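Asks: Attaching a single structure in structure tokens format; questions to follow.
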Amino acid sequence: MIVATDVHKRYGKLEVLRGIDLTVQRGEVTCLIGPSGSGKSTFLRCVNRLERIEGGRLAVDGELIGYKTKHGRLHELREHEIAAQRAQIGMVFQHFHLFAHMTALENVIEAPLRVLKLDRATAVARATDLLAQVGLEDKLDSFPSQLSGGQQQRVAIARALAMKPKLMLFDEPTSALDPETVGEVLEVMRGLAAEGMTMLVVTHEMGFARGVADTVAFMDEGRVIEAGTPEQVLEQPAHARTREFLARML
Amino acid sequence: MQPIDAVPVRRPGRWIAAIAVAVLAAAVVRSVATNPRFQWDVVGEMLFSERILHGLLLTLELTAIAMVAGVALGVVVAVARMSPNKLLAGAGAFYVWLFRGTPVLVQLLFWSFIAALYPTVGIGPFEADANLLITPFMAAVLGLALNEAAYMAEIVRAGIASVPEGQSEAASALGMSRLQMLRRIVLPQAMRVIVPPTGNETISMLKTTSLVSVIASSDLLYSAQLIYSQNFKQVPLLIVVCIWYLAITTLLSLGQAALERHYGRGVRRTRKESKPMRFLKPAVAR
Ligand SMILES: Nc1ncnc2c1ncn2[C@@H]1O[C@H](COP(=O)(O)OP(=O)(O)OP(=O)(O)O)[C@@H](O)[C@H]1O
Ligand SMILES: [Mg+2]
């Protein structure tokens with residue numbers, strides 16, 4: 001589903017991604033772990049072209065992100081083409097970023113109405129189902145400011161799912177939450193994984209990585225240093241850096 | 001339950017101030033009402049006279065057109081200023097610099113003399129005599145709207161900047177276009193910051209339109225001036241003008257309050273808490 005080969009990204013002089021190689025299979029959950037500043041968020045943002053990459057190749061579902069090949073040359077995609085690619089990739093942010101002036105329901109139907117051009121009745125029916133799925137059937141008319149962090153994050157997940165994405169990206173979805181609400185969000189994510197959603201999750205929740213991930217990838221200084229099953233990477237890491245990081249996490 | 005039967009704190013200073021204000025107000029009202037030179041009968045007569053009402057209508061038209069055009073152009077200039085394209089951003093900044101940096105009175109005069117600079121205006125085969133096209137009314141609209149756009153651009157820019165970046169990122173991530181993002185996500189939230197100063201701008205525009213009397217547009221003030229140049233009843237006519245400006249300003253303030261409530265959606269948990277001057281009330285009432 002995602003194939004990244006030698007992906008490079010820099011901010012000015014700072015080289016943040018120094019050749020990322022990573023493959024995420026369809027229907028699999030990949031957890032991305034690594035120290036702060038190693039470029040995890042940046043890589044996630046490159047996958048749906050919130051950031052452009054300067055080198056390497058990044059493809060989702062066989063399609064290059066941000067470019068197309070014509071007559072053997074790369075052409076940058078136009079804005080609406082990039083938007084179309086993004087519409088198929090769901091993204092969940094650390095700080096939710098719910099639309100503050102809209103109710104939970106309005107948050108979820110907005111993009112289906114405007115981007116997918118669904119009619120209102122269909123969009124509302126689907127949004128109601130999704131919000132019920134994440135356990136918020138009684139919060140349809142609440143504004144984000146009236147919801148707890150965990151509830152907001154579940155609305156954000158429902159909002160992303162409403163676009164029927166083929167891939168979901170999560171950037172530390174539980175790190176801004178109170179400890180007692182972390183569980184409810186992870187529960188929703190487990191459910192998604194069980195349904196076969198392809199997911200790339202940046203997380204510090206080692207329990208989630210161990211229990212749900214098919215692959216764990218460890219990133220440091222802009223590279224994926226090692227990737228494998230949770231058992232390999234979390235129990236018998238091959239690299240000293242990984243061992244150090246895991247020792248600090250516990 | 002034991003009732004609280006305490007003696008409230010006495011505030012003699014407040015009482016003295018209140019009494020002084022009341023006495024002063026009574027004196028002013030009495031003098032204004034009894035001084036025959038105010039000629040209140042003339043005020044009553046003129047308040048709804050046809051020429052005054054015509055002037056009022058023109059003032060309202062000018063205010064409405066200048067504000068609508070000013071806001072629309074202001075949004076465009078603000079978006080240009082925030083564009084990653086250096087040329088667009090520079091053009092936006094230049095616009096604001098030019099139109100905010102010169103007095104609106106001078107700009108109004110400039111537009112009324114534009115025919116001296118460009119005797120004909122037009123695109124390709126469509127040409128028109130500038131003297132016919134730029135009537136005093138057109139000159140007034142151009143002068144007021146273009147000037148207003150510069151101020152509105154700054155207000156809109158501050159509003160857009162007040163919306164956290166995460167909001168537009170979330171919208172992009174959902175596949176919304178830049179225009180959809182601006183219209184549906186960013187501007188509605190920016191409104192909370194944009195509406196109050198825009199209300200002030202509208203009220204200020206209502207009064208700024210009185211400047212158009214210099215280019216012989218018969219707005220409210222100019223109509224009054226025309227009348228008193230004939231009947232020499234300056235004071236009552238100026239009172240008429242003030243009454244109308246005050247009446248419209250009051251209406252505009254009410255409209256502004258309603259808009260602020262509308263765009264406060266999702267921000268306040270309870271609607272009632274936005275009483276002004278809360279800090280003046282005693283602590284226990286909070
Ligand atoms: N917009 C930006 N401009 C400049 N530098 C940036 C920008 N965004 C991120 N960086 C830098 O890129 C590096 C990687 O950031 P990134 O957010 O990807 O790290 P991360 O692995 O997600 O860390 P964390 O665990 O703290 O979220 C950091 O050094 C950061 O300061
Ligand atoms: Mg991060």
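In the structure tokens, each chain is lettered A, B, ... as it comes, each chain's residues begin at 1, and ligands are numbered from 1 in order of appearance.
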What lies within 7 Å of Met91 of chain A using only C-alpha atoms, ignoring chain neighbours under 6 positions off, as a PDB file with all heavy atoms, in the first residue's frame?
Replies:
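selection20.pdb was written with the following content:
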ATOM      1  N   ALA A 160     -12.259  11.177   9.477  1.00  0.00           N
ATOM      2  CA  ALA A 160     -11.357  10.628   8.465  1.00  0.00           C
ATOM      3  C   ALA A 160     -11.999   9.416   7.784  1.00  0.00           C
ATOM      4  O   ALA A 160     -11.916   9.261   6.564  1.00  0.00           O
ATOM      5  CB  ALA A 160     -10.027  10.243   9.107  1.00  0.00           C
ATOM      6  N   MET A 168      -5.073   4.767   6.548  1.00  0.00           N
ATOM      7  CA  MET A 168      -5.230   5.725   7.641  1.00  0.00           C
ATOM      8  C   MET A 168      -3.878   6.009   8.264  1.00  0.00           C
ATOM      9  O   MET A 168      -3.122   5.091   8.592  1.00  0.00           O
ATOM     10  CB  MET A 168      -6.171   5.173   8.719  1.00  0.00           C
ATOM     11  CG  MET A 168      -7.645   5.170   8.351  1.00  0.00           C
ATOM     12  SD  MET A 168      -8.409   6.807   8.480  1.00  0.00           S
ATOM     13  CE  MET A 168      -8.627   6.964  10.238  1.00  0.00           C
ATOM     14  N   LEU A 169      -3.575   7.315   8.433  1.00  0.00           N
ATOM     15  CA  LEU A 169      -2.339   7.723   9.088  1.00  0.00           C
ATOM     16  C   LEU A 169      -2.692   8.287  10.460  1.00  0.00           C
ATOM     17  O   LEU A 169      -3.619   9.093  10.584  1.00  0.00           O
ATOM     18  CB  LEU A 169      -1.641   8.808   8.261  1.00  0.00           C
ATOM     19  CG  LEU A 169      -1.413   8.493   6.782  1.00  0.00           C
ATOM     20  CD1 LEU A 169      -0.853   9.726   6.071  1.00  0.00           C
ATOM     21  CD2 LEU A 169      -0.460   7.321   6.638  1.00  0.00           C
ATOM     22  N   PHE A 170      -1.976   7.864  11.478  1.00  0.00           N
ATOM     23  CA  PHE A 170      -2.212   8.387  12.832  1.00  0.00           C
ATOM     24  C   PHE A 170      -0.908   8.970  13.348  1.00  0.00           C
ATOM     25  O   PHE A 170       0.096   8.273  13.404  1.00  0.00           O
ATOM     26  CB  PHE A 170      -2.645   7.269  13.795  1.00  0.00           C
ATOM     27  CG  PHE A 170      -3.989   6.659  13.479  1.00  0.00           C
ATOM     28  CD1 PHE A 170      -4.108   5.667  12.515  1.00  0.00           C
ATOM     29  CD2 PHE A 170      -5.120   7.055  14.172  1.00  0.00           C
ATOM     30  CE1 PHE A 170      -5.336   5.095  12.238  1.00  0.00           C
ATOM     31  CE2 PHE A 170      -6.351   6.490  13.905  1.00  0.00           C
ATOM     32  CZ  PHE A 170      -6.469   5.509  12.933  1.00  0.00           C
TER      33      PHE A 170
ATOM     34  N   ALA B 173      -6.017  17.699   4.497  1.00  0.00           N
ATOM     35  CA  ALA B 173      -5.862  16.254   4.623  1.00  0.00           C
ATOM     36  C   ALA B 173      -7.135  15.522   4.199  1.00  0.00           C
ATOM     37  O   ALA B 173      -7.088  14.375   3.796  1.00  0.00           O
ATOM     38  CB  ALA B 173      -5.488  15.876   6.049  1.00  0.00           C
TER      39      ALA B 173
END
Asks: Quick one: DSSP strand (DSSP E) residues in segment 3-249 of chain A, as a PyMOL selection string?
Replies: chain A and resi 3-11+14-24+29-33+55-60+63-64+67-70+73-76+89-92+167-171+199-202+215-220+223-228
Asks: Counting only C-alpha atoms, which residues of chain A come no farther than 10 Å from chain B, as a PDB file with N, CA and C atoms, in the first residue's frame?
Replies:
ATOM      1  N   ARG A  45       3.477  13.167   7.220  1.00  0.00           N
ATOM      2  CA  ARG A  45       2.934  14.301   6.476  1.00  0.00           C
ATOM      3  C   ARG A  45       3.335  14.247   5.010  1.00  0.00           C
ATOM      4  N   ASN A  48       0.804  12.018   2.821  1.00  0.00           N
ATOM      5  CA  ASN A  48      -0.368  12.619   2.166  1.00  0.00           C
ATOM      6  C   ASN A  48      -0.064  14.017   1.643  1.00  0.00           C
ATOM      7  N   ARG A  49       1.205  14.235   1.388  1.00  0.00           N
ATOM      8  CA  ARG A  49       1.640  15.423   0.658  1.00  0.00           C
ATOM      9  C   ARG A  49       1.317  16.732   1.382  1.00  0.00           C
ATOM     10  N   LEU A  50       1.209  16.667   2.723  1.00  0.00           N
ATOM     11  CA  LEU A  50       1.165  17.932   3.455  1.00  0.00           C
ATOM     12  C   LEU A  50       2.546  18.576   3.380  1.00  0.00           C
ATOM     13  N   GLU A  79      -2.978  21.112  -8.056  1.00  0.00           N
ATOM     14  CA  GLU A  79      -3.549  21.151  -6.707  1.00  0.00           C
ATOM     15  C   GLU A  79      -4.747  20.222  -6.551  1.00  0.00           C
ATOM     16  N   HIS A  80      -5.628  20.220  -7.569  1.00  0.00           N
ATOM     17  CA  HIS A  80      -6.832  19.389  -7.393  1.00  0.00           C
ATOM     18  C   HIS A  80      -6.497  17.906  -7.483  1.00  0.00           C
ATOM     19  N   GLU A  81      -5.402  17.596  -8.195  1.00  0.00           N
ATOM     20  CA  GLU A  81      -4.999  16.193  -8.263  1.00  0.00           C
ATOM     21  C   GLU A  81      -4.414  15.740  -6.927  1.00  0.00           C
ATOM     22  N   ILE A  82      -3.650  16.640  -6.300  1.00  0.00           N
ATOM     23  CA  ILE A  82      -3.117  16.331  -4.973  1.00  0.00           C
ATOM     24  C   ILE A  82      -4.263  16.173  -3.984  1.00  0.00           C
ATOM     25  N   ALA A  83      -5.256  17.069  -4.087  1.00  0.00           N
ATOM     26  CA  ALA A  83      -6.409  16.982  -3.187  1.00  0.00           C
ATOM     27  C   ALA A  83      -7.107  15.636  -3.353  1.00  0.00           C
ATOM     28  N   ALA A  84      -7.198  15.175  -4.613  1.00  0.00           N
ATOM     29  CA  ALA A  84      -7.857  13.885  -4.861  1.00  0.00           C
ATOM     30  C   ALA A  84      -7.081  12.751  -4.206  1.00  0.00           C
ATOM     31  N   GLN A  85      -5.737  12.844  -4.244  1.00  0.00           N
ATOM     32  CA  GLN A  85      -4.941  11.812  -3.573  1.00  0.00           C
ATOM     33  C   GLN A  85      -5.153  11.856  -2.063  1.00  0.00           C
ATOM     34  N   ARG A  86      -5.166  13.065  -1.522  1.00  0.00           N
ATOM     35  CA  ARG A  86      -5.339  13.197  -0.070  1.00  0.00           C
ATOM     36  C   ARG A  86      -6.682  12.677   0.390  1.00  0.00           C
ATOM     37  N   ALA A  87      -7.700  12.873  -0.466  1.00  0.00           N
ATOM     38  CA  ALA A  87      -9.048  12.467  -0.075  1.00  0.00           C
ATOM     39  C   ALA A  87      -9.115  10.967   0.204  1.00  0.00           C
ATOM     40  N   GLN A  88      -8.172  10.203  -0.369  1.00  0.00           N
ATOM     41  CA  GLN A  88      -8.209   8.754  -0.187  1.00  0.00           C
ATOM     42  C   GLN A  88      -7.339   8.291   0.976  1.00  0.00           C
ATOM     43  N   ILE A  89      -6.704   9.257   1.647  1.00  0.00           N
ATOM     44  CA  ILE A  89      -5.821   8.916   2.754  1.00  0.00           C
ATOM     45  C   ILE A  89      -6.319   9.644   3.996  1.00  0.00           C
ATOM     46  N   GLY A  90      -6.719   8.889   4.992  1.00  0.00           N
ATOM     47  CA  GLY A  90      -7.232   9.522   6.221  1.00  0.00           C
ATOM     48  C   GLY A  90      -6.079   9.908   7.122  1.00  0.00           C
ATOM     49  N   MET A  91      -6.229  11.039   7.820  1.00  0.00           N
ATOM     50  CA  MET A  91      -5.166  11.443   8.720  1.00  0.00           C
ATOM     51  C   MET A  91      -5.755  11.858  10.062  1.00  0.00           C
ATOM     52  N   VAL A  92      -5.137  11.366  11.131  1.00  0.00           N
ATOM     53  CA  VAL A  92      -5.583  11.710  12.484  1.00  0.00           C
ATOM     54  C   VAL A  92      -4.409  12.375  13.189  1.00  0.00           C
ATOM     55  N   PHE A  93      -4.658  13.564  13.724  1.00  0.00           N
ATOM     56  CA  PHE A  93      -3.576  14.374  14.285  1.00  0.00           C
ATOM     57  C   PHE A  93      -3.489  14.222  15.800  1.00  0.00           C
ATOM     58  N   HIS A  95      -3.326  16.589  17.925  1.00  0.00           N
ATOM     59  CA  HIS A  95      -4.216  17.544  18.582  1.00  0.00           C
ATOM     60  C   HIS A  95      -5.570  17.636  17.886  1.00  0.00           C
ATOM     61  N   PHE A  96      -6.021  16.562  17.326  1.00  0.00           N
ATOM     62  CA  PHE A  96      -7.371  16.374  16.755  1.00  0.00           C
ATOM     63  C   PHE A  96      -7.688  17.288  15.578  1.00  0.00           C
ATOM     64  N   HIS A  97      -7.494  18.617  15.784  1.00  0.00           N
ATOM     65  CA  HIS A  97      -7.831  19.585  14.746  1.00  0.00           C
ATOM     66  C   HIS A  97      -9.253  19.440  14.239  1.00  0.00           C
ATOM     67  N   LEU A  98     -10.199  19.242  15.142  1.00  0.00           N
ATOM     68  CA  LEU A  98     -11.602  19.275  14.717  1.00  0.00           C
ATOM     69  C   LEU A  98     -11.958  20.700  14.338  1.00  0.00           C
ATOM     70  N   PHE A  99     -12.883  20.851  13.377  1.00  0.00           N
ATOM     71  CA  PHE A  99     -13.315  22.187  12.991  1.00  0.00           C
ATOM     72  C   PHE A  99     -14.113  22.777  14.150  1.00  0.00           C
ATOM     73  N   ALA A 100     -13.590  23.841  14.731  1.00  0.00           N
ATOM     74  CA  ALA A 100     -14.102  24.323  16.014  1.00  0.00           C
ATOM     75  C   ALA A 100     -15.495  24.928  15.914  1.00  0.00           C
ATOM     76  N   HIS A 101     -15.863  25.381  14.710  1.00  0.00           N
ATOM     77  CA  HIS A 101     -17.150  26.060  14.570  1.00  0.00           C
ATOM     78  C   HIS A 101     -18.247  25.100  14.130  1.00  0.00           C
ATOM     79  N   MET A 102     -17.933  23.804  14.111  1.00  0.00           N
ATOM     80  CA  MET A 102     -18.918  22.831  13.649  1.00  0.00           C
ATOM     81  C   MET A 102     -19.162  21.788  14.725  1.00  0.00           C
ATOM     82  N   THR A 103     -20.380  21.261  14.743  1.00  0.00           N
ATOM     83  CA  THR A 103     -20.696  20.187  15.684  1.00  0.00           C
ATOM     84  C   THR A 103     -19.992  18.911  15.224  1.00  0.00           C
ATOM     85  N   GLU A 110     -18.748  17.212   6.562  1.00  0.00           N
ATOM     86  CA  GLU A 110     -18.242  18.316   5.747  1.00  0.00           C
ATOM     87  C   GLU A 110     -17.529  17.836   4.466  1.00  0.00           C
ATOM     88  N   ALA A 111     -16.501  17.015   4.650  1.00  0.00           N
ATOM     89  CA  ALA A 111     -15.736  16.600   3.463  1.00  0.00           C
ATOM     90  C   ALA A 111     -16.539  15.684   2.537  1.00  0.00           C
ATOM     91  N   PRO A 112     -17.311  14.729   3.063  1.00  0.00           N
ATOM     92  CA  PRO A 112     -18.149  13.936   2.139  1.00  0.00           C
ATOM     93  C   PRO A 112     -19.075  14.822   1.307  1.00  0.00           C
ATOM     94  N   ARG A 114     -18.609  18.144   0.500  1.00  0.00           N
ATOM     95  CA  ARG A 114     -17.916  19.077  -0.392  1.00  0.00           C
ATOM     96  C   ARG A 114     -16.985  18.370  -1.353  1.00  0.00           C
ATOM     97  N   VAL A 115     -16.321  17.321  -0.873  1.00  0.00           N
ATOM     98  CA  VAL A 115     -15.297  16.689  -1.706  1.00  0.00           C
ATOM     99  C   VAL A 115     -15.885  15.517  -2.491  1.00  0.00           C
ATOM    100  N   LEU A 116     -16.617  14.643  -1.803  1.00  0.00           N
ATOM    101  CA  LEU A 116     -17.209  13.495  -2.495  1.00  0.00           C
ATOM    102  C   LEU A 116     -18.533  13.860  -3.144  1.00  0.00           C
ATOM    103  N   SER A 142     -22.789  18.105  19.659  1.00  0.00           N
ATOM    104  CA  SER A 142     -21.860  18.797  20.543  1.00  0.00           C
ATOM    105  C   SER A 142     -20.769  19.464  19.723  1.00  0.00           C
ATOM    106  N   PHE A 143     -20.338  20.632  20.202  1.00  0.00           N
ATOM    107  CA  PHE A 143     -19.189  21.283  19.592  1.00  0.00           C
ATOM    108  C   PHE A 143     -17.917  20.697  20.192  1.00  0.00           C
ATOM    109  N   PRO A 144     -16.801  20.745  19.458  1.00  0.00           N
ATOM    110  CA  PRO A 144     -15.550  20.201  19.993  1.00  0.00           C
ATOM    111  C   PRO A 144     -15.234  20.717  21.395  1.00  0.00           C
ATOM    112  N   SER A 145     -15.516  22.003  21.642  1.00  0.00           N
ATOM    113  CA  SER A 145     -15.181  22.572  22.951  1.00  0.00           C
ATOM    114  C   SER A 145     -15.993  21.939  24.079  1.00  0.00           C
ATOM    115  N   GLN A 146     -17.041  21.204  23.724  1.00  0.00           N
ATOM    116  CA  GLN A 146     -17.865  20.572  24.754  1.00  0.00           C
ATOM    117  C   GLN A 146     -17.508  19.099  24.941  1.00  0.00           C
ATOM    118  N   ALA A 156     -12.597  12.798  15.368  1.00  0.00           N
ATOM    119  CA  ALA A 156     -11.607  13.007  14.305  1.00  0.00           C
ATOM    120  C   ALA A 156     -11.403  11.721  13.498  1.00  0.00           C
ATOM    121  N   ARG A 159     -14.357  11.336  11.316  1.00  0.00           N
ATOM    122  CA  ARG A 159     -14.288  12.294  10.215  1.00  0.00           C
ATOM    123  C   ARG A 159     -13.395  11.761   9.098  1.00  0.00           C
ATOM    124  N   ALA A 160     -12.259  11.177   9.477  1.00  0.00           N
ATOM    125  CA  ALA A 160     -11.357  10.628   8.465  1.00  0.00           C
ATOM    126  C   ALA A 160     -11.999   9.416   7.784  1.00  0.00           C
ATOM    127  N   LEU A 161     -12.674   8.577   8.565  1.00  0.00           N
ATOM    128  CA  LEU A 161     -13.270   7.368   7.991  1.00  0.00           C
ATOM    129  C   LEU A 161     -14.412   7.678   7.039  1.00  0.00           C
ATOM    130  N   ALA A 162     -15.068   8.822   7.246  1.00  0.00           N
ATOM    131  CA  ALA A 162     -16.217   9.179   6.417  1.00  0.00           C
ATOM    132  C   ALA A 162     -15.828   9.330   4.954  1.00  0.00           C
ATOM    133  N   MET A 163     -14.532   9.524   4.684  1.00  0.00           N
ATOM    134  CA  MET A 163     -14.079   9.641   3.300  1.00  0.00           C
ATOM    135  C   MET A 163     -13.783   8.272   2.694  1.00  0.00           C
ATOM    136  N   PRO A 165     -11.361   6.067   3.325  1.00  0.00           N
ATOM    137  CA  PRO A 165      -9.972   6.072   2.870  1.00  0.00           C
ATOM    138  C   PRO A 165      -9.446   4.652   2.691  1.00  0.00           C
TER     139      PRO A 165
END
Asks: Which residue out of A:Val202, A:Ala193, A:Met1, A:Val185 has the minimum interatomic distance to ligand 1 when only C-alpha atoms and all ligand atoms are used?
Replies: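 Of A:Val202, A:Ala193, A:Met1, A:Val185, the one nearest ligand 1 is A:Val202, counting only C-alpha atoms and all ligand atoms.
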Asks: Using DSSP on the backbone, list every residue of segment 10-252 of chain B that comes out as helix (DSSP H, G or I), and give them as a PyMOL selection string.
Replies: chain B and resi 12-34+36-38+40-47+50-81+86-100+104-112+114-117+130-133+136-161+165-173+178-215+220-231+234-252
Asks: Kindly compile the residues surrounding ligand 1 within 7 Å, counting only C-alpha atoms and all ligand atoms, and format them as a ChimeraX atom specification.
Replies: /A:11,16,34-43
Asks: What gap, in Å, lies between atom CA of Ile109 of chain A and atom CA of Glu172 of chain A?
Replies: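 It comes out at 24.1 Å.
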Asks: Can you tell me which residues surround segment 206-215 of chain A at a distance of at most 10 Å, considering only C-alpha atoms, apart from same-chain residues fewer than 5 positions away, and format the answer as number ranges by chain?
Replies: A: 23-25, 27-33, 183, 186-187, 189-191, 193-194, 199-201, 227-235, 246, 249-250
Asks: Deliver the residues from the most recent selection as a file, using C-alpha atoms, as a PDB file, in the first residue's frame.
Replies:
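Once written, again_28.pdb looks like this:
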ATOM      1  CA  THR A  23       6.835  -0.765   2.879  1.00  0.00           C
ATOM      2  CA  VAL A  24       3.376  -1.064   4.348  1.00  0.00           C
ATOM      3  CA  GLN A  25       1.283  -3.961   3.089  1.00  0.00           C
ATOM      4  CA  GLY A  27      -4.532  -4.519   5.418  1.00  0.00           C
ATOM      5  CA  GLU A  28      -1.582  -4.327   7.773  1.00  0.00           C
ATOM      6  CA  VAL A  29      -0.909  -2.130  10.762  1.00  0.00           C
ATOM      7  CA  THR A  30       2.552  -0.586  10.916  1.00  0.00           C
ATOM      8  CA  CYS A  31       3.700   1.246  14.015  1.00  0.00           C
ATOM      9  CA  LEU A  32       6.418   3.852  13.638  1.00  0.00           C
ATOM     10  CA  ILE A  33       8.423   4.454  16.781  1.00  0.00           C
ATOM     11  CA  GLY A 183      -7.967   3.442  26.197  1.00  0.00           C
ATOM     12  CA  LEU A 186      -6.940   2.737  21.220  1.00  0.00           C
ATOM     13  CA  GLU A 187     -10.062   0.565  21.406  1.00  0.00           C
ATOM     14  CA  MET A 189      -8.138   1.827  16.515  1.00  0.00           C
ATOM     15  CA  ARG A 190      -8.033  -1.865  17.430  1.00  0.00           C
ATOM     16  CA  GLY A 191     -11.506  -2.256  15.958  1.00  0.00           C
ATOM     17  CA  ALA A 193      -7.310  -2.845  12.519  1.00  0.00           C
ATOM     18  CA  ALA A 194      -9.498  -5.903  13.040  1.00  0.00           C
ATOM     19  CA  MET A 199      -2.830   1.811   9.101  1.00  0.00           C
ATOM     20  CA  LEU A 200       0.434   3.657   9.661  1.00  0.00           C
ATOM     21  CA  VAL A 201       0.597   4.723  13.290  1.00  0.00           C
ATOM     22  CA  ALA A 227      11.655  -2.921  10.828  1.00  0.00           C
ATOM     23  CA  GLY A 228      10.098  -6.272  11.532  1.00  0.00           C
ATOM     24  CA  THR A 229       7.470  -8.030  13.568  1.00  0.00           C
ATOM     25  CA  PRO A 230       6.771  -6.567  17.012  1.00  0.00           C
ATOM     26  CA  GLU A 231       8.530  -9.555  18.569  1.00  0.00           C
ATOM     27  CA  GLN A 232      11.704  -8.957  16.559  1.00  0.00           C
ATOM     28  CA  VAL A 233      11.900  -5.222  17.003  1.00  0.00           C
ATOM     29  CA  LEU A 234      10.550  -4.842  20.523  1.00  0.00           C
ATOM     30  CA  GLU A 235      11.913  -8.045  22.116  1.00  0.00           C
ATOM     31  CA  LEU A 246      13.284   0.911  24.212  1.00  0.00           C
ATOM     32  CA  MET A 249      10.629   3.949  27.059  1.00  0.00           C
ATOM     33  CA  LEU A 250      10.136   1.448  29.890  1.00  0.00           C
TER      34      LEU A 250
END
